[in-house]
>>> print(open('model06.txt').read())   # compact mmCIF, C-alpha atoms
# COMPACT_ATOMS: atom_id res chain seq x y z
CA MET M 1 98.53 67.01 122.03
CA SER M 2 99.45 63.39 122.73
CA LYS M 3 96.92 63.32 125.60
CA LEU M 4 94.11 63.21 123.02
CA LYS M 5 94.15 59.57 121.93
CA GLN M 6 90.75 59.62 120.26
CA LEU M 7 88.01 62.09 119.44
CA SER M 8 84.79 61.93 121.44
CA ASP M 9 81.54 63.82 120.91
CA LEU M 10 82.60 66.09 123.77
CA ASP M 11 85.91 66.85 122.04
CA LEU M 12 84.04 67.83 118.87
CA LYS M 13 81.73 70.08 120.87
CA LEU M 14 84.68 71.77 122.60
CA LEU M 15 86.49 72.24 119.29
CA ARG M 16 83.42 73.84 117.72
CA VAL M 17 83.20 76.26 120.65
CA PHE M 18 86.89 77.10 120.24
CA VAL M 19 86.43 77.74 116.50
CA VAL M 20 83.60 80.18 117.21
CA ILE M 21 85.65 82.00 119.85
CA VAL M 22 88.55 82.42 117.42
CA GLU M 23 86.34 83.56 114.54
CA GLN M 24 84.40 86.01 116.71
CA GLY M 25 87.62 87.37 118.21
CA SER M 26 86.38 87.57 121.80
CA PHE M 27 84.45 85.71 124.47
CA ALA M 28 81.73 88.37 124.47
CA ALA M 29 81.08 88.04 120.73
CA ALA M 30 81.20 84.23 120.92
CA GLN M 31 78.71 84.32 123.79
CA GLY M 32 76.14 85.97 121.54
CA GLN M 33 76.81 83.51 118.73
CA LEU M 34 76.57 80.39 120.91
CA ASN M 35 73.99 81.67 123.39
CA ILE M 36 75.95 80.46 126.43
CA SER M 37 77.54 82.39 129.28
CA GLN M 38 81.15 83.56 129.30
CA SER M 39 81.83 81.40 132.34
CA VAL M 40 80.70 78.30 130.43
CA LEU M 41 82.80 79.37 127.42
CA SER M 42 85.82 79.74 129.69
CA GLU M 43 85.25 76.29 131.21
CA ASN M 44 84.87 74.76 127.73
CA LEU M 45 88.11 76.31 126.57
CA LYS M 46 89.91 75.20 129.72
CA SER M 47 88.59 71.65 129.27
CA LEU M 48 89.80 71.60 125.67
CA GLU M 49 93.27 72.79 126.67
CA ILE M 50 93.45 70.04 129.31
CA ARG M 51 92.32 67.43 126.76
CA LEU M 52 94.93 68.61 124.24
CA GLY M 53 97.66 69.24 126.78
CA ILE M 54 98.50 72.72 125.45
CA ARG M 55 97.46 76.34 125.96
CA LEU M 56 95.49 77.71 123.05
CA CYS M 57 95.13 81.39 123.88
CA ASP M 58 95.74 84.18 126.36
CA ARG M 59 92.72 85.77 127.96
CA GLY M 60 92.57 88.30 130.72
CA PRO M 61 92.97 92.04 131.40
CA GLY M 62 95.26 92.33 128.40
CA GLY M 63 92.56 91.04 126.07
CA PHE M 64 92.12 87.89 124.00
CA ARG M 65 94.97 86.52 121.88
CA VAL M 66 95.24 83.21 120.05
CA LEU M 67 98.64 81.58 120.57
CA PRO M 68 100.54 79.94 117.68
CA GLU M 69 99.50 76.51 118.98
CA GLY M 70 95.92 77.72 119.07
CA LYS M 71 96.13 78.85 115.46
CA ASP M 72 97.35 75.38 114.48
CA VAL M 73 94.50 73.72 116.38
CA TYR M 74 92.01 76.14 114.81
CA ALA M 75 93.26 75.31 111.30
CA ALA M 76 93.12 71.58 112.03
CA ALA M 77 89.61 71.90 113.48
CA LYS M 78 88.42 73.76 110.39
CA ARG M 79 89.79 70.96 108.19
CA LEU M 80 88.08 68.39 110.40
CA PHE M 81 84.69 70.09 110.30
CA LEU M 82 84.98 70.65 106.56
CA ALA M 83 85.56 66.90 106.12
CA VAL M 84 82.57 66.18 108.37
CA ASP M 85 80.37 68.55 106.36
CA ASP M 86 81.55 66.97 103.12
CA PHE M 87 80.70 63.55 104.53
CA LYS M 88 77.20 64.69 105.56
CA PHE M 89 76.59 66.08 102.09
CA ASP M 90 77.88 62.90 100.49
CA LEU M 91 75.27 61.04 102.54
CA ALA M 92 72.64 63.57 101.56
CA SER M 93 73.22 62.63 97.93
CA VAL M 94 72.37 58.97 98.59
CA GLY M 95 68.88 58.06 97.48
CA ASP M 96 66.76 61.08 96.53
CA GLY M 97 69.53 63.27 97.92
CA LEU M 98 67.24 65.88 99.45
CA SER M 99 67.79 65.98 103.19
CA GLY M 100 70.01 67.70 105.74
CA GLU M 101 70.98 71.35 106.30
CA LEU M 102 71.80 73.77 103.50
CA VAL M 103 73.61 76.98 104.46
CA LEU M 104 73.28 80.07 102.22
CA ALA M 105 75.58 83.06 102.67
CA LEU M 106 74.12 86.26 101.18
CA GLU M 107 76.00 89.50 100.63
CA ASP M 108 74.35 92.37 102.46
CA ASP M 109 71.58 94.08 100.47
CA VAL M 110 71.51 91.76 97.44
CA ILE M 111 68.13 90.59 98.70
CA VAL M 112 66.64 94.09 98.27
CA ASN M 113 67.96 94.58 94.74
CA PRO M 114 64.80 94.99 92.60
CA ALA M 115 66.22 92.36 90.23
CA SER M 116 66.50 89.80 93.05
CA ARG M 117 64.10 86.85 92.96
CA ILE M 118 65.80 84.99 95.80
CA PRO M 119 62.66 84.61 97.98
CA GLU M 120 60.68 83.25 95.03
CA ALA M 121 63.45 80.77 94.28
CA LEU M 122 63.56 79.59 97.89
CA LYS M 123 59.79 79.12 97.91
CA GLU M 124 59.87 77.06 94.72
CA TYR M 125 62.81 75.00 95.98
CA VAL M 126 61.18 74.17 99.31
CA ASN M 127 57.84 73.33 97.71
CA SER M 128 59.29 71.23 94.90
CA TYR M 129 62.43 69.63 96.27
CA GLY M 130 63.40 70.55 99.76
CA ARG M 131 60.68 69.58 102.22
CA ARG M 132 63.28 67.69 104.29
CA ILE M 133 65.98 70.35 103.82
CA LYS M 134 66.72 72.71 106.69
CA LEU M 135 67.72 76.11 105.31
CA LYS M 136 70.08 78.42 107.19
CA ILE M 137 70.70 81.90 105.75
CA GLU M 138 73.41 84.30 106.92
CA ILE M 139 73.93 87.92 105.80
CA MET M 140 77.49 89.29 105.55
CA ALA M 141 79.95 91.31 103.48
CA GLY M 142 80.89 89.97 100.05
CA PHE M 143 84.42 88.84 100.93
CA GLN M 144 82.97 86.87 103.85
CA VAL M 145 80.51 85.13 101.50
CA LEU M 146 83.33 83.81 99.34
CA SER M 147 85.32 82.77 102.41
CA LYS M 148 82.33 80.84 103.78
CA VAL M 149 81.87 79.00 100.49
CA ALA M 150 85.60 78.29 100.13
CA ASP M 151 85.94 76.77 103.60
CA GLY M 152 82.73 74.78 103.31
CA THR M 153 80.78 76.49 106.10
CA ALA M 154 78.25 77.67 103.48
CA GLN M 155 77.19 75.50 100.56
CA ILE M 156 75.95 78.38 98.37
CA GLY M 157 76.93 82.05 98.41
CA ILE M 158 75.13 84.86 96.60
CA THR M 159 77.40 87.84 96.04
CA VAL M 160 78.65 90.42 93.55
CA ALA M 161 81.04 88.81 91.08
CA VAL M 162 84.73 89.53 91.49
CA ASP M 163 87.88 88.79 89.51
CA ARG M 164 87.73 85.15 88.42
CA THR M 165 91.28 84.54 89.64
CA ARG M 166 89.95 85.04 93.18
CA LEU M 167 87.39 82.29 92.74
CA ARG M 168 89.77 79.37 92.34
CA GLY M 169 87.96 76.16 93.24
CA ILE M 170 84.60 77.97 93.13
CA GLN M 171 82.00 77.95 90.37
CA SER M 172 79.85 81.04 89.89
CA ILE M 173 76.50 81.21 88.10
CA PRO M 174 75.21 84.69 87.08
CA LEU M 175 71.73 85.43 88.45
CA PHE M 176 71.02 89.16 88.05
CA LYS M 177 72.73 92.55 87.74
CA GLU M 178 73.84 95.32 90.08
CA THR M 179 74.40 98.82 88.68
CA LEU M 180 76.87 101.15 90.42
CA ARG M 181 77.24 104.89 89.97
CA LEU M 182 79.51 107.52 91.48
CA TYR M 183 77.93 109.67 94.22
CA CYS M 184 78.76 112.47 96.64
CA ALA M 185 76.71 113.76 99.57
CA GLU M 186 75.01 117.07 100.28
CA GLY M 187 77.65 119.47 101.55
CA HIS M 188 80.47 117.95 99.50
CA GLU M 189 82.28 120.39 97.22
CA LEU M 190 81.16 118.52 94.11
CA TYR M 191 77.50 118.51 95.17
CA SER M 192 76.86 122.07 93.99
CA ASP M 193 79.16 121.87 90.98
CA ASN M 194 76.91 121.38 87.95
CA SER M 195 79.62 121.84 85.34
CA PRO M 196 80.76 118.82 83.32
CA LEU M 197 83.25 116.89 85.44
CA ALA M 198 86.51 115.89 83.88
CA GLN M 199 87.91 112.62 85.15
CA GLN M 200 91.07 114.45 86.20
CA LYS M 201 89.06 116.72 88.50
CA ILE M 202 87.30 113.81 90.22
CA ARG M 203 90.70 112.30 91.01
CA GLU M 204 91.44 115.18 93.35
CA TYR M 205 88.87 114.12 95.96
CA HIS M 206 88.90 111.61 98.80
CA TYR M 207 87.49 108.31 97.63
CA SER M 208 85.91 105.37 99.41
CA SER M 209 86.59 102.06 97.67
CA ARG M 210 84.56 98.87 97.98
CA GLY M 211 87.65 96.86 98.87
CA HIS M 212 87.88 93.61 96.93
CA LEU M 213 84.57 94.42 95.22
CA GLU M 214 85.97 97.52 93.52
CA PRO M 215 85.16 97.15 89.80
CA GLU M 216 88.34 96.70 87.79
CA ASN M 217 87.44 99.42 85.31
CA PHE M 218 87.47 101.97 88.14
CA ALA M 219 90.99 101.05 89.27
CA GLY M 220 93.20 104.12 89.08
CA THR M 221 90.30 106.38 88.16
CA LEU M 222 90.37 108.26 91.42
CA LYS M 223 92.98 109.43 93.90
CA ALA M 224 95.26 106.56 94.91
CA GLY M 225 96.95 105.99 98.25
CA ASP M 226 96.74 104.30 101.62
CA THR M 227 94.73 107.16 103.17
CA GLU M 228 91.53 106.24 101.40
CA ASP M 229 88.56 104.75 103.21
CA ILE M 230 87.04 101.36 102.52
CA GLY M 231 83.36 100.45 102.73
CA LEU M 232 82.98 96.68 103.01
CA GLY M 233 79.30 96.33 102.21
CA ALA M 234 76.79 98.63 100.54
CA GLN M 235 75.62 100.22 103.80
CA ALA M 236 79.19 100.80 105.00
CA GLN M 237 80.02 102.46 101.70
CA LEU M 238 76.87 104.55 101.93
CA ALA M 239 77.77 105.75 105.45
CA LEU M 240 81.19 106.93 104.32
CA ILE M 241 79.78 108.87 101.39
CA LEU M 242 76.92 110.40 103.42
CA SER M 243 79.53 111.66 105.89
CA GLY M 244 80.59 114.12 103.19
CA ARG M 245 84.23 113.02 103.30
CA ASN M 246 84.24 110.72 100.27
CA VAL M 247 82.94 110.16 96.80
CA GLY M 248 82.36 106.55 95.87
CA TYR M 249 80.36 103.99 93.95
CA VAL M 250 77.03 102.81 95.39
CA PRO M 251 74.39 100.46 93.89
CA ASP M 252 71.71 102.64 92.33
CA TYR M 253 68.87 100.93 94.21
CA ILE M 254 70.62 101.72 97.52
CA ALA M 255 71.23 105.35 96.54
CA ALA M 256 67.78 106.01 95.01
CA SER M 257 65.88 107.26 98.09
CA TYR M 258 68.82 109.45 99.13
CA VAL M 259 68.95 111.00 95.68
CA VAL M 260 65.21 111.80 95.87
CA SER M 261 65.64 113.40 99.31
CA GLY M 262 68.62 115.41 98.08
CA LYS M 263 71.15 113.79 100.41
CA LEU M 264 73.08 112.22 97.51
CA LYS M 265 73.91 113.36 94.02
CA GLN M 266 75.29 111.34 91.12
CA ILE M 267 78.49 112.81 89.72
CA GLY M 268 80.16 111.99 86.44
CA GLU M 269 78.83 109.58 83.87
CA VAL M 270 80.91 106.47 84.64
CA GLY M 271 78.98 103.47 85.95
CA SER M 272 79.30 99.73 86.06
CA GLU M 273 76.91 96.83 85.70
CA ASN M 274 78.14 93.79 87.62
CA ASP M 275 76.82 90.26 87.92
CA VAL M 276 75.39 89.00 91.18
CA VAL M 277 76.23 85.30 91.20
CA ALA M 278 75.54 82.07 93.03
CA ALA M 279 78.92 80.70 94.13
CA VAL M 280 79.52 77.06 95.06
CA ARG M 281 82.61 74.95 95.66
CA SER M 282 83.40 73.10 92.43
CA LYS M 283 83.71 69.75 94.19
CA ASN M 284 80.19 70.14 95.67
CA ALA M 285 78.41 71.55 92.62
CA GLY M 286 76.97 68.16 91.64
CA LEU M 287 75.54 67.27 95.05
CA LYS M 288 71.77 67.07 94.75
CA PRO M 289 70.66 69.55 97.46
CA ILE M 290 73.07 72.18 96.11
CA GLU M 291 72.55 71.46 92.43
CA GLN M 292 68.76 71.63 92.71
CA LEU M 293 68.75 74.99 94.50
CA VAL M 294 71.28 76.51 92.08
CA ARG M 295 69.12 75.37 89.16
CA VAL M 296 66.03 76.93 90.72
CA LEU M 297 67.87 80.20 91.42
CA GLU M 298 69.11 80.31 87.83
CA ARG M 299 65.72 79.47 86.32
CA VAL M 300 63.71 81.92 88.41
CA HIS M 301 66.08 84.79 87.66
CA SER M 302 66.27 83.96 83.96
CA LYS M 303 62.50 84.58 83.64
CA GLN M 304 62.92 88.33 84.15
CA THR M 305 65.36 88.61 81.24
CA LYS M 306 63.02 87.03 78.71
>>> encode(input="model06.txt", output="structure tokens")
Amino acid sequence: MSKLKQLSDLDLKLLRVFVVIVEQGSFAAAQGQLNISQSVLSENLKSLEIRLGIRLCDRGPGGFRVLPEGKDVYAAAKRLFLAVDDFKFDLASVGDGLSGELVLALEDDVIVNPASRIPEALKEYVNSYGRRIKLKIEIMAGFQVLSKVADGTAQIGITVAVDRTRLRGIQSIPLFKETLRLYCAEGHELYSDNSPLAQQKIREYHYSSRGHLEPENFAGTLKAGDTEDIGLGAQAQLALILSGRNVGYVPDYIAASYVVSGKLKQIGEVGSENDVVAAVRSKNAGLKPIEQLVRVLERVHSKQTK
């Protein structure tokens, strides 16, 4: 590490490539993300290791593995790029404060929720405030949204609300609602059972949870244990339930067409209405590009409740 006396633009470029390789988990996945060949990726990584004077990872027939030193460099690089992003946003707040790049992380399928007015909000924001703002939008699972906001790689995340204790250092602003109901698929034993379902009976069946997004009031309702499946994202959850193996909670707007076609059936009466929120890091909430967009998102969505 002592070989690196100062950081150059090349060093920053090589570190960013390394971060992508680690986060993607392979050279092949990183190649698609960076749009450069695997041979160039390999040369970049080799150059970085020479610059730092240490090996960062193993790669070869045995697969890709980040070494402990590589994990330390990755963590340090993430801190560095977070500081750089904070600096750029501090500069963006100078003057009219409306310039630079704004990254939005959206949980999969929130955009197609009938209550969503996200496109309208983006249109109003760009027309009114953000002509010099470059918008970058990424779609991912809910837990990834919060992670992106927490580490500063996304300035705003839009996701289903979770336990407030998991949002330390993050502010969340309710925008609209998501309603979940319990479903099973055609061919499942419960599909043809039209008798009133006691909660105890439902507990007997395999259940697919939504991972960290599992509503708290459902905890312990169904069969517990490590053998249960997890659907991280509405479409993943839907796939598990349509397989006929599981019952589980799905947003009603995702399930609707499958209910009409007879592929899904609602079971039981328990449901949940959860907030979909805009999440921002508390320390960045007052920065003009972020604050303006959050205000627009909040205002546009509040119109439908009046």
>>> residues_near_point(input="model06.txt", point="(88.6, 106.6, 101.0)", cutoff="6 Å", atoms="only C-alpha atoms", output="PyMOL selection string")
chain M and resi 206-209+228-230
>>> residues_around(input="model06.txt", residues="Pro174 in chain M", least_positions_apart="6", cutoff="6 Å", atoms="all atoms listed in the file", output="mmCIF file with C-alpha atoms, in the frame of the given file")
data_model
loop_
_atom_site.group_PDB
_atom_site.id
_atom_site.type_symbol
_atom_site.label_atom_id
_atom_site.label_comp_id
_atom_site.auth_asym_id
_atom_site.auth_seq_id
_atom_site.Cartn_x
_atom_site.Cartn_y
_atom_site.Cartn_z
ATOM 1 C CA ASP M 275 76.820 90.260 87.920
ATOM 2 C CA VAL M 276 75.390 89.000 91.180
ATOM 3 C CA VAL M 277 76.230 85.300 91.200
#
>>> closest_atom_pairs(input="model06.txt", of="range 280-303 of chain M", to="range 113-136 of chain M", cutoff="10 Å", atoms="all atoms listed in the file", output="JSON lines")
{"residue": "M:Lys288", "atom": "CA", "partner": "M:Tyr129", "partner_atom": "CA", "distance": 9.8}
{"residue": "M:Pro289", "atom": "CA", "partner": "M:Gly130", "partner_atom": "CA", "distance": 7.7}
{"residue": "M:Gln292", "atom": "CA", "partner": "M:Tyr129", "partner_atom": "CA", "distance": 7.5}
{"residue": "M:Leu293", "atom": "CA", "partner": "M:Tyr125", "partner_atom": "CA", "distance": 6.1}
{"residue": "M:Val294", "atom": "CA", "partner": "M:Ala121", "partner_atom": "CA", "distance": 9.2}
{"residue": "M:Arg295", "atom": "CA", "partner": "M:Tyr125", "partner_atom": "CA", "distance": 9.3}
{"residue": "M:Val296", "atom": "CA", "partner": "M:Ala121", "partner_atom": "CA", "distance": 5.8}
{"residue": "M:Leu297", "atom": "CA", "partner": "M:Ala121", "partner_atom": "CA", "distance": 5.3}
{"residue": "M:Glu298", "atom": "CA", "partner": "M:Ala121", "partner_atom": "CA", "distance": 8.6}
{"residue": "M:Arg299", "atom": "CA", "partner": "M:Ala121", "partner_atom": "CA", "distance": 8.4}
{"residue": "M:Val300", "atom": "CA", "partner": "M:Ala121", "partner_atom": "CA", "distance": 6.0}
{"residue": "M:His301", "atom": "CA", "partner": "M:Arg117", "partner_atom": "CA", "distance": 6.0}
{"residue": "M:Ser302", "atom": "CA", "partner": "M:Arg117", "partner_atom": "CA", "distance": 9.7}
{"residue": "M:Lys303", "atom": "CA", "partner": "M:Arg117", "partner_atom": "CA", "distance": 9.7}
>>> closest_residue(input="model06.txt", among="M:Ser47, M:Gly63, M:Thr179, M:Leu12", to="Ala28 in chain M", atoms="all atoms listed in the file")
M:Gly63
>>> residues_around(input="model06.txt", residues="Leu146 in chain M", least_positions_apart="3", cutoff="8 Å", atoms="all atoms listed in the file", output="list of chain:residue names")
M:Gly142, M:Phe143, M:Val149, M:Ala150, M:Gly157, M:Thr159, M:Leu167, M:Ala279
>>> write_last_selection(input="model06.txt", atoms="C-alpha atoms", output="tab-separated table (two decimals), keeping the file's coordinate frame")
chain	number	residue	atom	x	y	z
M	142	GLY	CA	80.89	89.97	100.05
M	143	PHE	CA	84.42	88.84	100.93
M	149	VAL	CA	81.87	79.00	100.49
M	150	ALA	CA	85.60	78.29	100.13
M	157	GLY	CA	76.93	82.05	98.41
M	159	THR	CA	77.40	87.84	96.04
M	167	LEU	CA	87.39	82.29	92.74
M	279	ALA	CA	78.92	80.70	94.13
>>> atom_distance(input="model06.txt", atom1="CA of Val250 in chain M", atom2="CA of Ala234 in chain M")
6.6 Å
>>> closest_residue(input="model06.txt", among="M:Ile241, M:Asn284, M:Arg210, M:Glu204", to="Asp85 in chain M", atoms="only C-alpha atoms")
M:Asn284
